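Containing PDB, C-alpha atoms, pLDDT in the B column: run.pdb.
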ATOM      1  CA  VAL A  26     133.917 261.341   6.818  1.00 98.00           C
ATOM      2  CA  HIS A  27     137.370 262.895   6.967  1.00 98.00           C
ATOM      3  CA  LYS A  28     139.004 262.377  10.358  1.00 97.00           C
ATOM      4  CA  ASP A  29     139.036 266.167  10.886  1.00 97.00           C
ATOM      5  CA  SER A  30     135.399 266.639   9.841  1.00 97.00           C
ATOM      6  CA  ASN A  31     133.004 268.473  12.133  1.00 97.00           C
ATOM      7  CA  VAL A  32     130.127 266.296  10.882  1.00 97.00           C
ATOM      8  CA  LYS A  33     128.757 264.436  13.900  1.00 97.00           C
ATOM      9  CA  SER A  34     125.591 262.769  12.550  1.00 97.00           C
ATOM     10  CA  LEU A  35     123.849 261.893   9.313  1.00 97.00           C
ATOM     11  CA  SER A  36     121.562 264.904   9.680  1.00 97.00           C
ATOM     12  CA  ASP A  37     124.668 267.133   9.548  1.00 98.00           C
ATOM     13  CA  LEU A  38     125.157 266.028   5.931  1.00 98.00           C
ATOM     14  CA  GLU A  39     122.417 268.342   4.675  1.00 97.00           C
ATOM     15  CA  HIS A  40     123.981 270.785   2.159  1.00 98.00           C
ATOM     16  CA  ARG A  41     127.189 268.708   2.061  1.00 98.00           C
ATOM     17  CA  THR A  42     128.706 266.500  -0.634  1.00 98.00           C
ATOM     18  CA  PHE A  43     128.326 262.727  -0.636  1.00 98.00           C
ATOM     19  CA  ALA A  44     130.086 259.931  -2.543  1.00 98.00           C
ATOM     20  CA  PHE A  45     128.224 256.681  -3.123  1.00 97.00           C
ATOM     21  CA  GLY A  46     129.835 253.523  -4.450  1.00 93.00           C
ATOM     22  CA  SER A  47     127.970 251.842  -7.281  1.00 92.00           C
ATOM     23  CA  TYR A  48     124.315 252.669  -7.863  1.00 93.00           C
ATOM     24  CA  HIS A  49     123.612 248.918  -7.730  1.00 91.00           C
ATOM     25  CA  SER A  50     125.444 248.359  -4.432  1.00 91.00           C
ATOM     26  CA  TYR A  51     123.247 247.728  -1.418  1.00 91.00           C
ATOM     27  CA  ALA A  52     125.965 248.770   1.072  1.00 91.00           C
ATOM     28  CA  GLY A  53     127.290 251.601  -1.085  1.00 93.00           C
ATOM     29  CA  HIS A  54     123.912 253.085  -1.998  1.00 94.00           C
ATOM     30  CA  PHE A  55     120.547 251.697  -0.940  1.00 94.00           C
ATOM     31  CA  ILE A  56     121.043 251.113   2.783  1.00 94.00           C
ATOM     32  CA  ILE A  57     122.719 254.480   3.323  1.00 95.00           C
ATOM     33  CA  ARG A  58     119.969 256.235   1.339  1.00 95.00           C
ATOM     34  CA  LYS A  59     117.495 254.666   3.750  1.00 94.00           C
ATOM     35  CA  ALA A  60     119.570 255.813   6.740  1.00 95.00           C
ATOM     36  CA  LEU A  61     119.904 259.348   5.344  1.00 97.00           C
ATOM     37  CA  SER A  62     116.155 259.519   4.791  1.00 95.00           C
ATOM     38  CA  GLU A  63     115.467 258.299   8.329  1.00 94.00           C
ATOM     39  CA  ASN A  64     117.688 261.147   9.533  1.00 96.00           C
ATOM     40  CA  GLY A  65     115.845 263.765   7.481  1.00 96.00           C
ATOM     41  CA  VAL A  66     118.265 264.004   4.547  1.00 97.00           C
ATOM     42  CA  LYS A  67     117.049 263.415   0.980  1.00 95.00           C
ATOM     43  CA  LEU A  68     119.244 263.432  -2.108  1.00 95.00           C
ATOM     44  CA  SER A  69     117.835 266.862  -2.945  1.00 96.00           C
ATOM     45  CA  ASP A  70     119.146 268.124   0.424  1.00 98.00           C
ATOM     46  CA  LEU A  71     122.732 267.273  -0.504  1.00 98.00           C
ATOM     47  CA  LYS A  72     124.894 269.944  -2.118  1.00 98.00           C
ATOM     48  CA  LEU A  73     126.289 267.341  -4.513  1.00 98.00           C
ATOM     49  CA  TYR A  74     126.355 263.571  -4.749  1.00 98.00           C
ATOM     50  CA  SER A  75     127.927 261.137  -7.153  1.00 98.00           C
ATOM     51  CA  PHE A  76     128.155 257.391  -7.746  1.00 97.00           C
ATOM     52  CA  LEU A  77     131.866 256.627  -8.012  1.00 97.00           C
ATOM     53  CA  GLY A  78     131.503 252.959  -8.911  1.00 95.00           C
ATOM     54  CA  ARG A  79     133.590 251.441  -6.121  1.00 94.00           C
ATOM     55  CA  HIS A  80     133.607 251.675  -2.342  1.00 94.00           C
ATOM     56  CA  GLU A  81     137.339 252.379  -2.242  1.00 95.00           C
ATOM     57  CA  ARG A  82     136.962 255.338  -4.619  1.00 97.00           C
ATOM     58  CA  ALA A  83     134.216 256.765  -2.439  1.00 97.00           C
ATOM     59  CA  VAL A  84     136.372 256.552   0.698  1.00 97.00           C
ATOM     60  CA  LEU A  85     139.415 257.970  -1.081  1.00 97.00           C
ATOM     61  CA  SER A  86     137.308 260.899  -2.313  1.00 98.00           C
ATOM     62  CA  VAL A  87     136.687 261.768   1.346  1.00 98.00           C
ATOM     63  CA  ALA A  88     140.320 261.216   2.361  1.00 98.00           C
ATOM     64  CA  TYR A  89     141.462 263.616  -0.383  1.00 98.00           C
ATOM     65  CA  GLY A  90     138.768 266.204   0.342  1.00 97.00           C
ATOM     66  CA  ASP A  91     136.684 265.842  -2.802  1.00 98.00           C
ATOM     67  CA  PHE A  92     133.545 264.825  -0.858  1.00 98.00           C
ATOM     68  CA  ASP A  93     132.412 265.396   2.724  1.00 98.00           C
ATOM     69  CA  ALA A  94     131.156 261.856   3.298  1.00 98.00           C
ATOM     70  CA  ALA A  95     130.964 258.473   1.586  1.00 98.00           C
ATOM     71  CA  ALA A  96     129.173 255.147   1.844  1.00 97.00           C
ATOM     72  CA  THR A  97     131.165 251.931   2.065  1.00 94.00           C
ATOM     73  CA  THR A  98     131.236 248.616   3.867  1.00 90.00           C
ATOM     74  CA  PHE A  99     132.517 248.403   7.424  1.00 88.00           C
ATOM     75  CA  GLY A 100     135.365 246.157   6.264  1.00 87.00           C
ATOM     76  CA  ILE A 101     136.579 248.604   3.623  1.00 92.00           C
ATOM     77  CA  ALA A 102     136.325 251.513   6.078  1.00 93.00           C
ATOM     78  CA  GLN A 103     138.470 249.572   8.555  1.00 93.00           C
ATOM     79  CA  ARG A 104     140.979 248.633   5.859  1.00 93.00           C
ATOM     80  CA  MET A 105     141.316 252.275   4.753  1.00 95.00           C
ATOM     81  CA  LYS A 106     141.817 253.388   8.377  1.00 95.00           C
ATOM     82  CA  ASN A 107     144.427 250.643   8.856  1.00 95.00           C
ATOM     83  CA  LEU A 108     146.215 251.982   5.768  1.00 96.00           C
ATOM     84  CA  ASN A 109     146.307 255.369   7.545  1.00 97.00           C
ATOM     85  CA  TYR A 110     143.876 257.209   5.298  1.00 98.00           C
ATOM     86  CA  PRO A 111     142.452 260.156   7.262  1.00 98.00           C
ATOM     87  CA  VAL A 112     138.879 258.907   7.608  1.00 98.00           C
ATOM     88  CA  LYS A 113     136.593 258.075  10.507  1.00 96.00           C
ATOM     89  CA  THR A 114     133.334 256.177  10.752  1.00 96.00           C
ATOM     90  CA  LEU A 115     130.304 258.402  11.221  1.00 96.00           C
ATOM     91  CA  TYR A 116     127.516 255.834  11.116  1.00 96.00           C
ATOM     92  CA  VAL A 117     127.092 252.064  10.957  1.00 94.00           C
ATOM     93  CA  THR A 118     123.884 250.621   9.513  1.00 90.00           C
ATOM     94  CA  GLU A 119     122.059 247.523  10.599  1.00 84.00           C
ATOM     95  CA  GLU A 120     123.901 244.311   9.763  1.00 83.00           C
ATOM     96  CA  LEU A 121     123.622 243.630   6.061  1.00 82.00           C
ATOM     97  CA  ALA A 122     122.404 240.458   4.415  1.00 80.00           C
ATOM     98  CA  PRO A 123     125.261 238.214   3.261  1.00 81.00           C
ATOM     99  CA  ILE A 124     126.625 238.369  -0.261  1.00 80.00           C
ATOM    100  CA  ILE A 125     125.151 235.795  -2.622  1.00 84.00           C
ATOM    101  CA  ILE A 126     127.303 233.680  -4.939  1.00 87.00           C
ATOM    102  CA  VAL A 127     125.420 232.767  -8.114  1.00 89.00           C
ATOM    103  CA  ALA A 128     126.175 230.690 -11.194  1.00 91.00           C
ATOM    104  CA  ALA A 129     125.290 231.579 -14.768  1.00 93.00           C
ATOM    105  CA  PRO A 130     122.373 229.546 -16.175  1.00 93.00           C
ATOM    106  CA  HIS A 131     124.622 227.995 -18.847  1.00 95.00           C
ATOM    107  CA  MET A 132     127.209 226.756 -16.317  1.00 94.00           C
ATOM    108  CA  ASP A 133     127.616 222.974 -16.159  1.00 95.00           C
ATOM    109  CA  SER A 134     125.310 221.675 -13.406  1.00 94.00           C
ATOM    110  CA  GLY A 135     127.910 219.147 -12.252  1.00 96.00           C
ATOM    111  CA  LEU A 136     130.449 221.917 -11.719  1.00 95.00           C
ATOM    112  CA  VAL A 137     127.855 224.042  -9.898  1.00 94.00           C
ATOM    113  CA  LYS A 138     127.085 221.134  -7.566  1.00 94.00           C
ATOM    114  CA  LYS A 139     130.781 220.520  -6.911  1.00 93.00           C
ATOM    115  CA  LEU A 140     131.400 224.214  -6.144  1.00 91.00           C
ATOM    116  CA  LYS A 141     128.377 224.305  -3.848  1.00 91.00           C
ATOM    117  CA  ASN A 142     129.651 221.244  -1.966  1.00 91.00           C
ATOM    118  CA  VAL A 143     133.148 222.725  -1.654  1.00 91.00           C
ATOM    119  CA  LEU A 144     131.782 225.985  -0.244  1.00 90.00           C
ATOM    120  CA  LEU A 145     129.164 224.501   2.080  1.00 91.00           C
ATOM    121  CA  GLU A 146     130.825 221.234   3.138  1.00 90.00           C
ATOM    122  CA  PRO A 147     134.543 221.381   2.321  1.00 89.00           C
ATOM    123  CA  THR A 148     136.779 218.412   2.967  1.00 89.00           C
ATOM    124  CA  PHE A 149     139.697 218.911   5.333  1.00 89.00           C
ATOM    125  CA  GLU A 150     141.977 219.739   2.390  1.00 86.00           C
ATOM    126  CA  GLU A 151     139.447 222.079   0.745  1.00 87.00           C
ATOM    127  CA  GLU A 152     138.676 223.895   3.980  1.00 85.00           C
ATOM    128  CA  MET A 153     142.155 225.445   4.083  1.00 82.00           C
ATOM    129  CA  GLU A 154     141.695 227.002   0.638  1.00 83.00           C
ATOM    130  CA  VAL A 155     138.053 228.001   1.166  1.00 82.00           C
ATOM    131  CA  SER A 156     138.825 229.671   4.503  1.00 80.00           C
ATOM    132  CA  LEU A 157     141.109 232.163   2.733  1.00 77.00           C
ATOM    133  CA  PHE A 158     138.095 233.931   1.214  1.00 76.00           C
ATOM    134  CA  ALA A 159     135.154 232.650   3.252  1.00 78.00           C
ATOM    135  CA  PRO A 160     133.140 235.089   5.351  1.00 78.00           C
ATOM    136  CA  GLN A 161     133.423 234.824   9.116  1.00 74.00           C
ATOM    137  CA  GLY A 162     131.472 231.725  10.098  1.00 75.00           C
ATOM    138  CA  GLY A 163     131.859 230.177   6.646  1.00 80.00           C
ATOM    139  CA  PHE A 164     129.445 229.980   3.739  1.00 85.00           C
ATOM    140  CA  LEU A 165     125.758 229.259   4.305  1.00 86.00           C
ATOM    141  CA  ALA A 166     123.102 227.829   2.015  1.00 87.00           C
ATOM    142  CA  TYR A 167     120.878 230.455   0.383  1.00 87.00           C
ATOM    143  CA  ASN A 168     117.926 231.522   2.505  1.00 87.00           C
ATOM    144  CA  PRO A 169     115.575 233.843   0.571  1.00 87.00           C
ATOM    145  CA  GLY A 170     113.907 235.071   3.771  1.00 88.00           C
ATOM    146  CA  ILE A 171     117.098 236.902   4.780  1.00 86.00           C
ATOM    147  CA  TYR A 172     116.748 239.150   1.745  1.00 88.00           C
ATOM    148  CA  GLU A 173     113.165 240.281   2.285  1.00 90.00           C
ATOM    149  CA  ARG A 174     114.314 243.384   4.169  1.00 88.00           C
ATOM    150  CA  VAL A 175     116.771 244.102   1.339  1.00 90.00           C
ATOM    151  CA  ARG A 176     113.969 243.894  -1.227  1.00 91.00           C
ATOM    152  CA  GLN A 177     111.743 246.177   0.861  1.00 92.00           C
ATOM    153  CA  ASN A 178     114.498 248.774   1.343  1.00 90.00           C
ATOM    154  CA  ILE A 179     115.406 248.863  -2.340  1.00 92.00           C
ATOM    155  CA  GLN A 180     111.744 249.113  -3.315  1.00 91.00           C
ATOM    156  CA  SER A 181     111.170 252.052  -0.951  1.00 90.00           C
ATOM    157  CA  ILE A 182     114.217 253.914  -2.323  1.00 88.00           C
ATOM    158  CA  GLU A 183     113.349 253.334  -5.979  1.00 86.00           C
ATOM    159  CA  GLN A 184     109.713 254.503  -5.670  1.00 79.00           C
TER     160      GLN A 184
END
As a first step, turn the structure in this file into structure tokens.
Amino acid sequence: VHKDSNVKSLSDLEHRTFAFGSYHSYAGHFIIRKALSENGVKLSDLKLYSFLGRHERAVLSVAYGDFDAAATTFGIAQRMKNLNYPVKTLYVTEELAPIIIVAAPHMDSGLVKKLKNVLLEPTFEEEMEVSLFAPQGGFLAYNPGIYERVRQNIQSIEQ
């Protein structure tokens, strides 16, 4: 929300405007829809909502007064605050499942294997480059069990 907003909780968003990121974004749509619902706010309770396509656009729409609140990732919210945009964090969801890196089915299997090895077990030289964009704690092998909660949340929203 805007740093000067009088909104104190998710339930205060009833009859207010809300900016989502992309419809397909878990952090910018699905998880916050679940949180809104748990706090008694349905989409039909909002005065207006829109999917702006990107997290940064959603936050900027709040900073410039176009929307009362927006969904984004914690990292983007922090970055926007550090850039002195007039926003404050109203609510933080449960920790989200990690982002998955996938390869197209037509991609050369040798290249896929090499990329997987570089990300999961980089050599000393590779580690320096990988660490520039690796998540905190490094990359982990895919574990489908981590995403069961994600699947359940999306399914409950899309019913």
Hey, what comes out of the PyMOL selection byres ((chain A and resi 95-101) around 8) on this file? Could you write it as a PDB file with C-alpha atoms, keeping the file's coordinate frame?
ATOM      1  CA  VAL A  26     133.917 261.341   6.818  1.00 98.00           C
ATOM      2  CA  PHE A  43     128.326 262.727  -0.636  1.00 98.00           C
ATOM      3  CA  ALA A  44     130.086 259.931  -2.543  1.00 98.00           C
ATOM      4  CA  PHE A  45     128.224 256.681  -3.123  1.00 97.00           C
ATOM      5  CA  GLY A  46     129.835 253.523  -4.450  1.00 93.00           C
ATOM      6  CA  ALA A  52     125.965 248.770   1.072  1.00 91.00           C
ATOM      7  CA  GLY A  53     127.290 251.601  -1.085  1.00 93.00           C
ATOM      8  CA  HIS A  54     123.912 253.085  -1.998  1.00 94.00           C
ATOM      9  CA  ILE A  57     122.719 254.480   3.323  1.00 95.00           C
ATOM     10  CA  HIS A  80     133.607 251.675  -2.342  1.00 94.00           C
ATOM     11  CA  GLU A  81     137.339 252.379  -2.242  1.00 95.00           C
ATOM     12  CA  ALA A  83     134.216 256.765  -2.439  1.00 97.00           C
ATOM     13  CA  VAL A  84     136.372 256.552   0.698  1.00 97.00           C
ATOM     14  CA  SER A  86     137.308 260.899  -2.313  1.00 98.00           C
ATOM     15  CA  VAL A  87     136.687 261.768   1.346  1.00 98.00           C
ATOM     16  CA  PHE A  92     133.545 264.825  -0.858  1.00 98.00           C
ATOM     17  CA  ASP A  93     132.412 265.396   2.724  1.00 98.00           C
ATOM     18  CA  ALA A  94     131.156 261.856   3.298  1.00 98.00           C
ATOM     19  CA  ALA A 102     136.325 251.513   6.078  1.00 93.00           C
ATOM     20  CA  GLN A 103     138.470 249.572   8.555  1.00 93.00           C
ATOM     21  CA  ARG A 104     140.979 248.633   5.859  1.00 93.00           C
ATOM     22  CA  MET A 105     141.316 252.275   4.753  1.00 95.00           C
ATOM     23  CA  VAL A 117     127.092 252.064  10.957  1.00 94.00           C
TER      24      VAL A 117
END
Please provide as a PyMOL selection string all residues within 7 Å of Lys33 in chain A, with the sequence filter that same-chain residues fewer than 2 positions apart are discarded (counting all atoms listed in the file). chain A and resi 31+37+115
For the provided coordinates, the residues matched by the PyMOL selection byres ((chain A and resi 171-183) around 10) should be stated as a PDB file with C-alpha atoms, in the frame of the given file.
ATOM      1  CA  HIS A  49     123.612 248.918  -7.730  1.00 91.00           C
ATOM      2  CA  TYR A  51     123.247 247.728  -1.418  1.00 91.00           C
ATOM      3  CA  HIS A  54     123.912 253.085  -1.998  1.00 94.00           C
ATOM      4  CA  PHE A  55     120.547 251.697  -0.940  1.00 94.00           C
ATOM      5  CA  ILE A  56     121.043 251.113   2.783  1.00 94.00           C
ATOM      6  CA  ARG A  58     119.969 256.235   1.339  1.00 95.00           C
ATOM      7  CA  LYS A  59     117.495 254.666   3.750  1.00 94.00           C
ATOM      8  CA  SER A  62     116.155 259.519   4.791  1.00 95.00           C
ATOM      9  CA  LEU A 121     123.622 243.630   6.061  1.00 82.00           C
ATOM     10  CA  ALA A 122     122.404 240.458   4.415  1.00 80.00           C
ATOM     11  CA  PRO A 123     125.261 238.214   3.261  1.00 81.00           C
ATOM     12  CA  TYR A 167     120.878 230.455   0.383  1.00 87.00           C
ATOM     13  CA  ASN A 168     117.926 231.522   2.505  1.00 87.00           C
ATOM     14  CA  PRO A 169     115.575 233.843   0.571  1.00 87.00           C
ATOM     15  CA  GLY A 170     113.907 235.071   3.771  1.00 88.00           C
ATOM     16  CA  GLN A 184     109.713 254.503  -5.670  1.00 79.00           C
TER      17      GLN A 184
END
Please return as a PyMOL selection string every residue within 9 Å of (129.4, 222.0, 4.4), taking into account only C-alpha atoms and the file's own coordinates. chain A and resi 141-148+163-166
Name the residues captured by the PyMOL selection byres ((chain A and resi 69-75) around 8) when it is applied to the shown file; answer as a ChimeraX atom specification. /A:38-45,66-68,76-77
First collect every listed atom of range 154-157 of chain A; then fit an axis-aligned box around them, widen it by 8 Å on each side, and give centre and edge lengths in Å to one decimal, as AutoDock Vina command-line options.
--center_x 139.9 --center_y 229.6 --center_z 2.6 --size_x 19.6 --size_y 21.2 --size_z 19.9
At what distance in Å, to one decimal, does CA of Pro111 in chain A lie from CA of Asp91 in chain A?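 About the pair CA of Asp91 in chain A and CA of Pro111 in chain A: they are 12.9 Å apart.
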Please, what distance in Å, to one decimal, runs between CA of Ser36 in chain A and CA of Asn64 in chain A?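 Interatomic distance here is 5.4 Å.
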Top pick for closest residue to Tyr116 in chain A, considering A:Ser30, A:Ser47, A:Met132, A:Leu61 and counting all atoms listed in the file: A:Leu61
Gap from CA of Ser34 in chain A to CA of Glu120 in chain A - Å, one decimal: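 So the two atoms, CA of Ser34 in chain A and CA of Glu120 in chain A, lie 18.7 Å apart.
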Just want the 7 Å neighbourhood of Ala88 in chain A, counted on all atoms listed in the file, with same-chain residues fewer than 6 positions away dropped. Output as JSON, numbers by chain. {"A": [27, 110, 111, 112]}
